[in-house]
file input11.cif (mmCIF, C-alpha atoms)
data_work
#
loop_
_atom_site.label_atom_id
_atom_site.label_comp_id
_atom_site.auth_asym_id
_atom_site.auth_seq_id
_atom_site.Cartn_x
_atom_site.Cartn_y
_atom_site.Cartn_z
CA MET G 1 309.30 249.10 172.71
CA GLY G 2 310.52 249.57 169.16
CA PHE G 3 307.18 250.06 167.54
CA THR G 4 306.56 252.86 165.05
CA PHE G 5 303.08 253.56 163.80
CA SER G 6 302.92 253.52 160.01
CA PHE G 7 300.14 255.53 158.41
CA ASP G 8 301.30 254.31 154.98
CA ALA G 9 300.20 250.79 155.91
CA ILE G 10 296.68 252.11 156.46
CA TRP G 11 296.64 254.41 153.44
CA ASN G 12 297.87 251.72 151.03
CA ASN G 13 295.22 249.23 152.14
CA LEU G 14 292.17 251.45 152.41
CA GLY G 15 290.95 250.26 148.98
CA PRO G 16 290.71 246.55 149.84
CA LEU G 17 289.31 247.35 153.29
CA PHE G 18 286.65 249.48 151.65
CA SER G 19 285.67 246.64 149.30
CA GLY G 20 285.45 244.42 152.38
CA LEU G 21 283.12 246.98 153.98
CA LEU G 22 280.89 246.82 150.88
CA THR G 23 280.61 243.02 151.26
CA THR G 24 279.81 243.48 154.96
CA LEU G 25 277.12 246.07 154.16
CA GLN G 26 275.68 243.92 151.38
CA ILE G 27 275.40 240.84 153.61
CA THR G 28 273.92 242.94 156.42
CA GLY G 29 271.46 244.62 154.05
CA ILE G 30 270.18 241.42 152.43
CA SER G 31 269.86 239.63 155.79
CA MET G 32 268.07 242.65 157.20
CA LEU G 33 265.47 242.75 154.42
CA LEU G 34 264.84 239.00 154.51
CA GLY G 35 264.92 239.09 158.31
CA LEU G 36 262.27 241.84 158.46
CA ILE G 37 259.90 239.79 156.29
CA LEU G 38 260.62 236.67 158.34
CA GLY G 39 260.26 238.65 161.58
CA VAL G 40 256.73 239.84 160.75
CA PHE G 41 255.62 236.26 160.10
CA VAL G 42 257.40 235.04 163.24
CA ALA G 43 255.52 237.60 165.34
CA ILE G 44 252.16 236.75 163.74
CA PHE G 45 252.68 232.98 164.10
CA ARG G 46 253.96 233.44 167.65
CA LEU G 47 250.73 235.23 168.59
CA SER G 48 248.51 232.81 166.68
CA ARG G 49 245.73 231.11 168.65
CA ASN G 50 246.73 227.80 167.12
CA PHE G 51 248.69 226.20 169.97
CA PHE G 52 250.88 224.11 167.65
CA VAL G 53 251.90 227.03 165.39
CA SER G 54 252.62 229.32 168.31
CA LYS G 55 254.75 226.76 170.21
CA LEU G 56 256.68 225.75 167.12
CA THR G 57 257.54 229.39 166.41
CA ALA G 58 258.56 229.86 170.05
CA VAL G 59 260.93 226.90 169.73
CA TYR G 60 262.52 228.45 166.64
CA VAL G 61 262.93 231.82 168.37
CA GLU G 62 264.42 230.32 171.54
CA ILE G 63 266.87 228.12 169.63
CA PHE G 64 268.24 231.10 167.73
CA ARG G 65 268.30 233.34 170.80
CA CYS G 66 269.97 230.79 173.08
CA THR G 67 272.80 229.55 170.88
CA PRO G 68 275.83 231.55 169.69
CA VAL G 69 275.54 233.05 166.20
CA LEU G 70 278.91 231.50 165.41
CA VAL G 71 277.51 228.04 166.15
CA GLN G 72 274.46 228.78 163.98
CA LEU G 73 276.63 229.92 161.10
CA VAL G 74 279.07 227.02 161.33
CA TRP G 75 276.18 224.55 161.66
CA ILE G 76 274.47 225.93 158.57
CA PHE G 77 277.73 226.01 156.64
CA TYR G 78 278.79 222.44 157.47
CA CYS G 79 275.58 220.62 158.35
CA LEU G 80 272.72 222.11 156.36
CA PRO G 81 274.18 220.88 153.02
CA ILE G 82 274.31 217.34 154.49
CA VAL G 83 270.73 217.57 155.75
CA LEU G 84 269.35 219.05 152.53
CA GLY G 85 271.66 217.13 150.22
CA VAL G 86 272.47 220.27 148.21
CA GLU G 87 275.56 222.39 147.79
CA LEU G 88 275.51 225.68 149.67
CA GLY G 89 278.25 228.20 149.10
CA ASN G 90 279.62 230.32 151.93
CA TYR G 91 277.62 233.29 150.64
CA ALA G 92 274.29 231.46 150.79
CA SER G 93 275.18 229.94 154.18
CA SER G 94 276.03 233.36 155.58
CA ILE G 95 272.78 234.92 154.35
CA ILE G 96 270.69 231.98 155.62
CA ALA G 97 272.36 231.99 159.05
CA LEU G 98 272.15 235.75 159.60
CA THR G 99 268.56 235.90 158.28
CA LEU G 100 267.37 233.11 160.58
CA TYR G 101 269.18 234.73 163.51
CA VAL G 102 267.91 238.25 162.94
CA GLY G 103 264.43 236.99 161.97
CA ALA G 104 264.07 235.52 165.47
CA ILE G 105 265.27 238.77 167.09
CA TYR G 106 263.08 241.02 164.87
CA GLY G 107 260.18 238.63 165.50
CA GLU G 108 260.39 239.23 169.25
CA ALA G 109 260.54 243.00 168.65
CA PHE G 110 257.46 242.94 166.38
CA ARG G 111 255.63 240.77 168.89
CA SER G 112 256.18 243.29 171.69
CA GLY G 113 255.03 246.02 169.30
CA ILE G 114 251.86 244.16 168.33
CA GLN G 115 251.09 243.40 171.98
CA GLY G 116 251.58 247.10 172.79
CA ILE G 117 248.59 248.08 170.64
CA GLU G 118 245.42 248.76 172.60
CA GLN G 119 242.49 246.40 172.23
CA ASP G 120 240.22 249.42 171.41
CA GLN G 121 242.02 249.86 168.12
CA ILE G 122 241.34 246.29 167.08
CA ASP G 123 237.73 246.53 168.29
CA ALA G 124 237.32 249.63 166.14
CA GLY G 125 238.58 247.60 163.17
CA ILE G 126 236.06 244.87 163.92
CA ALA G 127 233.31 247.51 164.18
CA LEU G 128 234.35 248.81 160.76
CA ASN G 129 233.90 245.26 159.44
CA LEU G 130 237.58 244.82 158.50
CA SER G 131 238.76 241.22 158.09
CA ALA G 132 241.50 239.87 160.38
CA ALA G 133 244.05 240.27 157.58
CA GLN G 134 242.90 243.85 156.90
CA ARG G 135 243.10 244.72 160.60
CA MET G 136 246.63 243.35 160.67
CA ARG G 137 247.59 245.22 157.51
CA TYR G 138 245.95 248.60 158.18
CA ILE G 139 245.72 248.92 161.96
CA VAL G 140 248.14 246.67 163.82
CA LEU G 141 251.30 246.57 161.68
CA PRO G 142 251.64 250.31 160.84
CA GLN G 143 251.43 251.20 164.52
CA ALA G 144 253.55 248.27 165.72
CA VAL G 145 256.32 249.16 163.27
CA ARG G 146 256.40 252.76 164.47
CA ILE G 147 256.72 251.68 168.12
CA VAL G 148 259.47 249.15 167.48
CA ILE G 149 261.62 251.16 165.04
CA PRO G 150 264.25 251.98 167.72
CA VAL G 151 264.44 248.32 168.75
CA LEU G 152 264.72 247.21 165.12
CA LEU G 153 267.49 249.73 164.53
CA SER G 154 269.53 248.58 167.50
CA ASN G 155 268.96 244.95 166.43
CA THR G 156 270.25 245.91 162.99
CA VAL G 157 273.41 247.39 164.50
CA SER G 158 273.89 244.03 166.26
CA LEU G 159 273.35 242.26 162.93
CA PHE G 160 275.97 244.50 161.33
CA LYS G 161 278.44 243.56 164.07
CA GLU G 162 277.55 239.86 163.99
CA SER G 163 278.09 239.87 160.22
CA SER G 164 281.84 239.94 160.99
CA LEU G 165 281.45 236.22 161.82
CA VAL G 166 281.06 235.35 158.14
CA SER G 167 284.84 235.86 157.91
CA THR G 168 285.17 232.49 159.67
CA VAL G 169 283.55 230.71 156.69
CA GLY G 170 285.80 232.50 154.22
CA MET G 171 283.59 235.40 153.13
CA SER G 172 285.88 238.30 152.23
CA ASP G 173 284.13 240.88 154.38
CA LEU G 174 285.79 243.73 156.26
CA MET G 175 286.94 241.48 159.12
CA TYR G 176 288.36 238.83 156.78
CA LEU G 177 290.31 241.31 154.65
CA GLY G 178 291.54 243.03 157.79
CA ARG G 179 292.95 239.76 159.11
CA ILE G 180 294.51 238.82 155.76
CA ILE G 181 296.08 242.24 155.20
CA SER G 182 297.35 242.55 158.77
CA ALA G 183 299.05 239.16 158.44
CA SER G 184 300.55 239.84 155.01
CA THR G 185 301.86 243.33 155.88
CA TYR G 186 302.92 242.47 159.46
CA ARG G 187 301.03 245.60 160.48
CA PRO G 188 298.24 244.25 162.73
CA ILE G 189 298.06 247.33 164.95
CA GLU G 190 297.47 249.76 162.09
CA ILE G 191 295.19 247.51 160.03
CA LEU G 192 293.09 245.95 162.81
CA THR G 193 292.64 249.34 164.49
CA THR G 194 291.48 250.76 161.15
CA VAL G 195 289.04 247.86 160.80
CA ALA G 196 287.65 248.60 164.26
CA VAL G 197 287.37 252.30 163.44
CA ILE G 198 285.51 251.57 160.18
CA TYR G 199 282.97 249.38 162.02
CA PHE G 200 282.62 252.14 164.59
CA ILE G 201 282.10 254.89 162.00
CA VAL G 202 279.21 252.93 160.48
CA ALA G 203 277.59 251.72 163.71
CA PHE G 204 277.92 254.79 165.94
CA PRO G 205 275.72 257.23 163.96
CA VAL G 206 272.99 254.59 163.82
CA THR G 207 273.04 254.18 167.61
CA ILE G 208 272.82 257.97 168.01
CA LEU G 209 269.88 258.02 165.57
CA THR G 210 268.27 255.18 167.53
CA ARG G 211 268.52 257.18 170.74
CA LYS G 212 266.96 260.27 169.09
CA ILE G 213 264.06 258.22 167.71
CA GLU G 214 263.59 256.55 171.11
CA VAL G 215 263.17 259.95 172.74
CA MET G 216 260.74 261.02 169.99
CA VAL G 217 258.64 257.85 170.33
CA ALA G 218 258.60 258.20 174.13
CA LYS G 219 257.36 261.80 173.84
CA LYS G 220 254.66 260.81 171.34
CA LEU G 221 253.41 258.01 173.58
CA GLU G 222 253.19 260.39 176.54
CA ARG G 223 250.81 262.69 174.72
CA MET Q 1 267.08 211.70 153.14
CA SER Q 2 269.50 208.82 153.49
CA TYR Q 3 271.79 210.15 156.18
CA ASP Q 4 272.89 207.63 158.82
CA TRP Q 5 273.21 209.34 162.15
CA ASP Q 6 276.10 208.06 164.17
CA PHE Q 7 276.62 209.43 167.65
CA TYR Q 8 279.38 206.97 168.54
CA PHE Q 9 282.13 209.57 168.13
CA VAL Q 10 280.19 212.10 170.13
CA TRP Q 11 279.83 209.73 173.09
CA LYS Q 12 283.46 208.70 172.85
CA ASN Q 13 284.60 212.32 172.90
CA LEU Q 14 282.16 213.81 175.35
CA ASP Q 15 285.05 214.43 177.74
CA VAL Q 16 286.74 216.63 175.12
CA LEU Q 17 283.56 218.67 174.66
CA PHE Q 18 283.17 218.86 178.42
CA ARG Q 19 286.70 220.21 178.80
CA GLY Q 20 285.90 222.80 176.16
CA LEU Q 21 282.72 223.72 177.99
CA LEU Q 22 284.69 224.27 181.20
CA ILE Q 23 286.95 226.72 179.35
CA SER Q 24 283.88 228.55 177.99
CA LEU Q 25 282.38 228.75 181.47
CA GLU Q 26 285.67 229.88 183.02
CA LEU Q 27 286.07 232.64 180.43
CA THR Q 28 282.50 233.77 181.02
CA GLY Q 29 282.72 233.57 184.81
CA ILE Q 30 286.05 235.39 185.15
CA SER Q 31 284.93 238.11 182.74
CA ILE Q 32 281.71 238.68 184.69
CA VAL Q 33 283.58 238.89 188.00
CA ILE Q 34 285.95 241.48 186.51
CA ALA Q 35 283.20 243.41 184.72
CA LEU Q 36 280.82 243.80 187.68
CA PRO Q 37 282.91 246.20 189.80
CA LEU Q 38 284.62 247.89 186.86
CA GLY Q 39 281.32 248.28 184.99
CA PHE Q 40 279.81 249.97 188.05
CA LEU Q 41 282.85 252.21 188.42
CA LEU Q 42 282.62 253.18 184.76
CA ALA Q 43 278.91 253.98 185.15
CA VAL Q 44 279.74 256.28 188.07
CA LEU Q 45 282.47 257.97 186.00
CA ARG Q 46 280.01 258.31 183.12
CA LEU Q 47 277.66 260.21 185.43
CA THR Q 48 280.18 262.56 187.06
CA ARG Q 49 279.88 266.28 186.40
CA ASN Q 50 283.50 266.49 185.25
CA VAL Q 51 283.12 266.81 181.46
CA PHE Q 52 286.48 265.28 180.67
CA VAL Q 53 285.92 262.20 182.84
CA ASN Q 54 282.39 261.54 181.65
CA LYS Q 55 283.28 262.05 177.98
CA ALA Q 56 286.22 259.64 178.31
CA ALA Q 57 283.94 257.06 179.94
CA ALA Q 58 281.35 257.60 177.18
CA ALA Q 59 284.02 257.13 174.50
CA TYR Q 60 285.09 253.82 176.03
CA ILE Q 61 281.51 252.58 176.26
CA GLU Q 62 280.56 253.64 172.73
CA PHE Q 63 283.68 252.21 171.16
CA PHE Q 64 283.14 248.77 172.66
CA ARG Q 65 279.42 248.80 171.91
CA CYS Q 66 279.84 249.88 168.29
CA THR Q 67 282.52 247.47 167.13
CA PRO Q 68 282.15 243.69 166.68
CA MET Q 69 283.28 241.45 169.52
CA LEU Q 70 285.26 239.42 166.98
CA VAL Q 71 287.29 242.51 166.02
CA GLN Q 72 287.96 243.23 169.69
CA ILE Q 73 289.14 239.67 170.35
CA ILE Q 74 291.42 239.61 167.32
CA TRP Q 75 292.74 243.09 168.12
CA VAL Q 76 293.63 242.08 171.67
CA PHE Q 77 295.16 238.82 170.48
CA TYR Q 78 297.43 240.33 167.82
CA CYS Q 79 297.96 243.95 168.88
CA LEU Q 80 298.04 244.04 172.67
CA PRO Q 81 301.21 241.90 173.00
CA MET Q 82 302.92 244.13 170.40
CA ILE Q 83 301.93 247.35 172.14
CA LEU Q 84 302.90 246.12 175.59
CA GLY Q 85 305.98 244.33 174.26
CA ILE Q 86 305.26 241.18 176.28
CA GLN Q 87 304.00 237.66 175.58
CA ILE Q 88 300.38 237.16 176.59
CA GLY Q 89 298.74 233.74 176.68
CA ALA Q 90 295.70 233.12 174.52
CA PHE Q 91 293.43 232.52 177.52
CA VAL Q 92 294.45 235.83 179.11
CA CYS Q 93 293.80 237.58 175.78
CA GLY Q 94 290.35 236.03 175.75
CA VAL Q 95 289.63 237.25 179.28
CA VAL Q 96 290.94 240.76 178.50
CA ALA Q 97 288.80 241.07 175.36
CA LEU Q 98 285.62 239.59 176.83
CA SER Q 99 285.84 241.54 180.09
CA SER Q 100 286.69 244.87 178.39
CA ASN Q 101 283.59 244.43 176.24
CA THR Q 102 281.38 243.37 179.14
CA ILE Q 103 282.52 246.35 181.25
CA ALA Q 104 281.08 248.68 178.59
CA PHE Q 105 277.74 246.85 178.48
CA TYR Q 106 277.47 246.52 182.28
CA ALA Q 107 278.31 250.22 182.64
CA GLU Q 108 275.31 251.15 180.48
CA ALA Q 109 273.11 248.81 182.50
CA PHE Q 110 274.30 250.28 185.81
CA ARG Q 111 273.88 253.80 184.47
CA SER Q 112 270.21 253.19 183.72
CA GLY Q 113 269.87 251.59 187.16
CA ILE Q 114 271.50 254.55 188.90
CA GLN Q 115 269.37 257.03 186.98
CA ALA Q 116 266.24 255.12 188.00
CA ILE Q 117 266.92 255.78 191.71
CA ALA Q 118 264.68 258.52 193.09
CA LYS Q 119 266.40 261.81 193.89
CA ASP Q 120 264.81 261.71 197.38
CA GLN Q 121 267.02 258.78 198.27
CA ILE Q 122 270.19 260.70 197.57
CA ASP Q 123 268.85 263.79 199.31
CA ALA Q 124 268.11 261.61 202.34
CA GLY Q 125 271.73 260.45 202.27
CA ILE Q 126 272.93 264.06 202.17
CA ALA Q 127 270.60 264.93 205.05
CA LEU Q 128 272.11 262.07 207.05
CA GLY Q 129 275.56 263.57 206.50
CA LEU Q 130 276.86 260.70 204.35
CA SER Q 131 279.85 261.44 202.12
CA PRO Q 132 279.47 260.95 198.31
CA ALA Q 133 281.43 257.70 198.60
CA GLN Q 134 279.20 256.47 201.42
CA ARG Q 135 276.07 257.43 199.47
CA THR Q 136 277.37 255.46 196.48
CA ARG Q 137 278.27 252.47 198.62
CA TYR Q 138 275.18 252.27 200.86
CA ILE Q 139 272.37 253.90 198.90
CA ILE Q 140 273.08 253.89 195.16
CA PHE Q 141 274.90 250.61 194.56
CA PRO Q 142 272.56 248.22 196.44
CA GLN Q 143 269.45 249.68 194.78
CA ALA Q 144 270.93 250.05 191.28
CA PHE Q 145 272.21 246.50 191.47
CA ARG Q 146 268.79 245.12 192.37
CA ILE Q 147 267.10 246.95 189.50
CA VAL Q 148 269.57 245.82 186.85
CA ILE Q 149 269.94 242.15 187.85
CA PRO Q 150 267.74 240.94 184.94
CA VAL Q 151 269.70 243.04 182.46
CA LEU Q 152 273.03 241.85 183.87
CA LEU Q 153 271.84 238.25 183.60
CA THR Q 154 270.73 238.71 179.98
CA MET Q 155 274.12 240.23 179.19
CA GLY Q 156 275.81 237.36 181.03
CA VAL Q 157 274.02 234.88 178.77
CA GLY Q 158 275.06 237.02 175.78
CA LEU Q 159 278.65 236.93 177.01
CA PHE Q 160 278.53 233.14 177.32
CA GLN Q 161 277.43 232.95 173.68
CA GLN Q 162 279.96 235.54 172.52
CA SER Q 163 282.71 233.60 174.31
CA SER Q 164 282.46 231.10 171.42
CA LEU Q 165 284.34 233.67 169.31
CA VAL Q 166 287.58 232.94 171.17
CA SER Q 167 287.69 229.68 169.19
CA THR Q 168 288.93 231.78 166.24
CA VAL Q 169 292.15 232.60 168.13
CA ALA Q 170 292.76 228.96 169.05
CA ILE Q 171 291.48 228.97 172.62
CA ALA Q 172 290.17 225.44 173.19
CA ASP Q 173 286.63 226.33 174.26
CA LEU Q 174 283.47 224.34 173.50
CA MET Q 175 283.17 225.73 169.96
CA TYR Q 176 286.83 225.07 169.19
CA GLU Q 177 286.67 221.47 170.40
CA GLY Q 178 283.42 220.97 168.49
CA LYS Q 179 284.91 222.18 165.22
CA PHE Q 180 288.04 220.15 165.86
CA LEU Q 181 286.11 216.92 166.44
CA ALA Q 182 283.74 217.63 163.54
CA THR Q 183 286.57 217.85 161.02
CA ARG Q 184 288.56 215.06 162.60
CA PHE Q 185 285.78 212.46 162.38
CA TYR Q 186 283.95 213.89 159.34
CA ARG Q 187 280.81 213.97 161.48
CA PRO Q 188 279.93 217.66 161.59
CA LEU Q 189 276.17 217.06 161.78
CA GLU Q 190 276.23 215.05 165.01
CA ILE Q 191 279.00 216.92 166.77
CA LEU Q 192 277.99 220.48 165.88
CA THR Q 193 274.37 219.70 166.76
CA ILE Q 194 275.48 218.47 170.19
CA VAL Q 195 277.58 221.62 170.62
CA ALA Q 196 274.53 223.77 169.80
CA VAL Q 197 272.41 221.71 172.22
CA ILE Q 198 274.97 222.20 175.01
CA TYR Q 199 274.99 225.99 174.53
CA PHE Q 200 271.19 225.98 174.43
CA VAL Q 201 270.74 223.83 177.53
CA LEU Q 202 272.95 226.19 179.53
CA ALA Q 203 271.56 229.47 178.18
CA PHE Q 204 267.83 228.73 178.04
CA PRO Q 205 267.16 228.30 181.80
CA PHE Q 206 268.80 231.68 182.44
CA THR Q 207 266.56 233.42 179.91
CA GLN Q 208 263.53 231.92 181.68
CA LEU Q 209 264.92 233.02 185.05
CA VAL Q 210 265.33 236.54 183.65
CA ARG Q 211 261.68 236.56 182.59
CA ILE Q 212 260.57 235.54 186.11
CA LEU Q 213 262.81 238.16 187.74
CA GLU Q 214 261.55 240.85 185.37
CA ILE Q 215 257.91 240.13 186.26
CA ARG Q 216 258.72 240.18 189.96
CA LEU Q 217 260.62 243.44 189.65
CA MET Q 218 257.73 245.05 187.73
CA LYS Q 219 255.32 244.04 190.48
CA LYS Q 220 257.64 245.48 193.13
CA LEU Q 221 257.99 248.77 191.29
CA GLU Q 222 254.23 249.05 190.81
CA ARG Q 223 253.60 248.89 194.51
#

call {"tool": "encode", "arguments": {"input": "input11.cif", "output": "structure tokens"}}
result
Amino acid sequence: MGFTFSFDAIWNNLGPLFSGLLTTLQITGISMLLGLILGVFVAIFRLSRNFFVSKLTAVYVEIFRCTPVLVQLVWIFYCLPIVLGVELGNYASSIIALTLYVGAIYGEAFRSGIQGIEQDQIDAGIALNLSAAQRMRYIVLPQAVRIVIPVLLSNTVSLFKESSLVSTVGMSDLMYLGRIISASTYRPIEILTTVAVIYFIVAFPVTILTRKIEVMVAKKLER
Amino acid sequence: MSYDWDFYFVWKNLDVLFRGLLISLELTGISIVIALPLGFLLAVLRLTRNVFVNKAAAAYIEFFRCTPMLVQIIWVFYCLPMILGIQIGAFVCGVVALSSNTIAFYAEAFRSGIQAIAKDQIDAGIALGLSPAQRTRYIIFPQAFRIVIPVLLTMGVGLFQQSSLVSTVAIADLMYEGKFLATRFYRPLEILTIVAVIYFVLAFPFTQLVRILEIRLMKKLER
């Protein structure tokens, strides 16, 4: 084996890889924020007493949970413009796909959180003459969010990892730049390993944090 | 909307999609078969008292859980042949990447299963004069396996979806054939929709099965 590891190849390309990481973080961040908003509505609609609304939301959730994210992204990139009759760039397609995906996942997390709240709490809200919207806003959601924070965090780590798929529709994220640079420098081992390490450095602390919060939440619930 | 749906090309090329599907299923099946025993072994290593062994196992698990599957696939595809100095077929690369990833996830599942087994059970094994290997084989494995079946199934469905990523390294799976046909006939809407439907039809029943198994398991544990 005549392979020599070249640290120069890594050092010289850290700049572009870092700019790729920024794109990755930006796409993850925007999809996360939009996904959180979508997720709250998904959970509320899913638990609605209106049979039609609840079933329709369930269909949306199941479609996005039971098909590969890559298929969702490619479908939105190639097919949504045909369906809507408008131009969608790869940036918009990426955001739409990841938001719809993570919105379904967050929605399920919020739903389990809302269902975990005791009926007494809601009865107390009714006794205090709060409207349904006020009960949701002041009693249910603040508690549900606290319970599901660990789940949301681990879902967000998944979103961060899934965001690497946008490289397949030509977004110059960390994965895309890693592939381009490793091909142009003939240094795949150094570059692709660095790419993996960068993803790891971002994702690992969040999973540790998630575990700490999980333990904290579990202790609080025991009290 | 004035789009004329035309499924003619889909029907004419169903055999191509079917062949792709078989590759997807083969990749998933082989990876699961490899990951089941190795995932259990890794879980046992993760729980040994030897600090070096359990830290090494933890490092493996965390690295595969905190980096994107796509990065792992591309790393194996480009770097592994260089490091080993041999030619490796694309399909084998796909199996190596998918199973290495699944081993890490299965190991975490088995670990939680093993930790859920009551200490009495192991003490009973010691009292019966069983060796550590016998206790693992006859007491720990059968019970841990039963507890984690729903989790393993969910991860199996996840693996089936993630297997679509091998299309990016030119393995002719369902996703690859779908994209190929979509660009060849300029009919992305019909073909990619069918591809999504195929993934959904295969994944959805398993998610329902998982739900049923989970409820049954809960009832058993409550008793």

call {"tool": "closest_residue", "arguments": {"input": "input11.cif", "among": "G:Arg46, G:Lys55, G:Arg187, G:Arg137", "to": "chain Q", "atoms": "only C-alpha atoms"}}
result
G:Arg187

call {"tool": "residues_around", "arguments": {"input": "input11.cif", "residues": "Arg146 of chain Q", "least_positions_apart": "4", "cutoff": "9 Å", "atoms": "all atoms listed in the file", "output": "PDB file with C-alpha atoms, keeping the file's coordinate frame"}}
result
ATOM      1  CA  GLY Q 113     269.870 251.590 187.160  1.00  0.00           C
ATOM      2  CA  PHE Q 141     274.900 250.610 194.560  1.00  0.00           C
ATOM      3  CA  PRO Q 142     272.560 248.220 196.440  1.00  0.00           C
ATOM      4  CA  PRO Q 150     267.740 240.940 184.940  1.00  0.00           C
ATOM      5  CA  LEU Q 217     260.620 243.440 189.650  1.00  0.00           C
TER       6      LEU Q 217
END

call {"tool": "atom_distance", "arguments": {"input": "input11.cif", "atom1": "atom CA of Lys179 of chain Q", "atom2": "atom CA of Trp75 of chain Q"}}
result
22.5 Å

call {"tool": "interface_residues", "arguments": {"input": "input11.cif", "of": "chain Q", "to": "chain G", "cutoff": "9 Å", "atoms": "only C-alpha atoms", "output": "JSON list (two decimals) with C-alpha atoms, in the coordinates of the input"}}
result
[["chain", "number", "residue", "atom", "x", "y", "z"],
["Q", 1, "MET", "CA", 267.08, 211.70, 153.14],
["Q", 3, "TYR", "CA", 271.79, 210.15, 156.18],
["Q", 62, "GLU", "CA", 280.56, 253.64, 172.73],
["Q", 63, "PHE", "CA", 283.68, 252.21, 171.16],
["Q", 64, "PHE", "CA", 283.14, 248.77, 172.66],
["Q", 65, "ARG", "CA", 279.42, 248.80, 171.91],
["Q", 66, "CYS", "CA", 279.84, 249.88, 168.29],
["Q", 67, "THR", "CA", 282.52, 247.47, 167.13],
["Q", 68, "PRO", "CA", 282.15, 243.69, 166.68],
["Q", 69, "MET", "CA", 283.28, 241.45, 169.52],
["Q", 70, "LEU", "CA", 285.26, 239.42, 166.98],
["Q", 71, "VAL", "CA", 287.29, 242.51, 166.02],
["Q", 72, "GLN", "CA", 287.96, 243.23, 169.69],
["Q", 74, "ILE", "CA", 291.42, 239.61, 167.32],
["Q", 75, "TRP", "CA", 292.74, 243.09, 168.12],
["Q", 78, "TYR", "CA", 297.43, 240.33, 167.82],
["Q", 79, "CYS", "CA", 297.96, 243.95, 168.88],
["Q", 80, "LEU", "CA", 298.04, 244.04, 172.67],
["Q", 82, "MET", "CA", 302.92, 244.13, 170.40],
["Q", 83, "ILE", "CA", 301.93, 247.35, 172.14],
["Q", 84, "LEU", "CA", 302.90, 246.12, 175.59],
["Q", 85, "GLY", "CA", 305.98, 244.33, 174.26],
["Q", 157, "VAL", "CA", 274.02, 234.88, 178.77],
["Q", 158, "GLY", "CA", 275.06, 237.02, 175.78],
["Q", 160, "PHE", "CA", 278.53, 233.14, 177.32],
["Q", 161, "GLN", "CA", 277.43, 232.95, 173.68],
["Q", 162, "GLN", "CA", 279.96, 235.54, 172.52],
["Q", 163, "SER", "CA", 282.71, 233.60, 174.31],
["Q", 164, "SER", "CA", 282.46, 231.10, 171.42],
["Q", 165, "LEU", "CA", 284.34, 233.67, 169.31],
["Q", 168, "THR", "CA", 288.93, 231.78, 166.24],
["Q", 175, "MET", "CA", 283.17, 225.73, 169.96],
["Q", 179, "LYS", "CA", 284.91, 222.18, 165.22],
["Q", 188, "PRO", "CA", 279.93, 217.66, 161.59],
["Q", 189, "LEU", "CA", 276.17, 217.06, 161.78],
["Q", 190, "GLU", "CA", 276.23, 215.05, 165.01],
["Q", 192, "LEU", "CA", 277.99, 220.48, 165.88],
["Q", 193, "THR", "CA", 274.37, 219.70, 166.76],
["Q", 195, "VAL", "CA", 277.58, 221.62, 170.62],
["Q", 196, "ALA", "CA", 274.53, 223.77, 169.80],
["Q", 197, "VAL", "CA", 272.41, 221.71, 172.22],
["Q", 198, "ILE", "CA", 274.97, 222.20, 175.01],
["Q", 199, "TYR", "CA", 274.99, 225.99, 174.53],
["Q", 200, "PHE", "CA", 271.19, 225.98, 174.43],
["Q", 201, "VAL", "CA", 270.74, 223.83, 177.53],
["Q", 202, "LEU", "CA", 272.95, 226.19, 179.53],
["Q", 203, "ALA", "CA", 271.56, 229.47, 178.18],
["Q", 204, "PHE", "CA", 267.83, 228.73, 178.04],
["Q", 207, "THR", "CA", 266.56, 233.42, 179.91]]

call {"tool": "closest_residue", "arguments": {"input": "input11.cif", "among": "Q:Ile114, Q:Ala90, Q:Ala172, Q:Leu153", "to": "Ile212 of chain Q", "atoms": "all atoms listed in the file"}}
result
Q:Leu153

call {"tool": "resolve_selection", "arguments": {"input": "input11.cif", "expression": "the PyMOL selection byres ((chain G and resi 89) around 12)", "output": "ChimeraX atom specification"}}
result
/G:76-78,80-81,86-88,90-96,166,169-171

call {"tool": "closest_residue", "arguments": {"input": "input11.cif", "among": "G:Gln115, G:Gln121, G:Thr99, G:Gln143", "to": "Ile37 of chain G", "atoms": "all atoms listed in the file"}}
result
G:Thr99
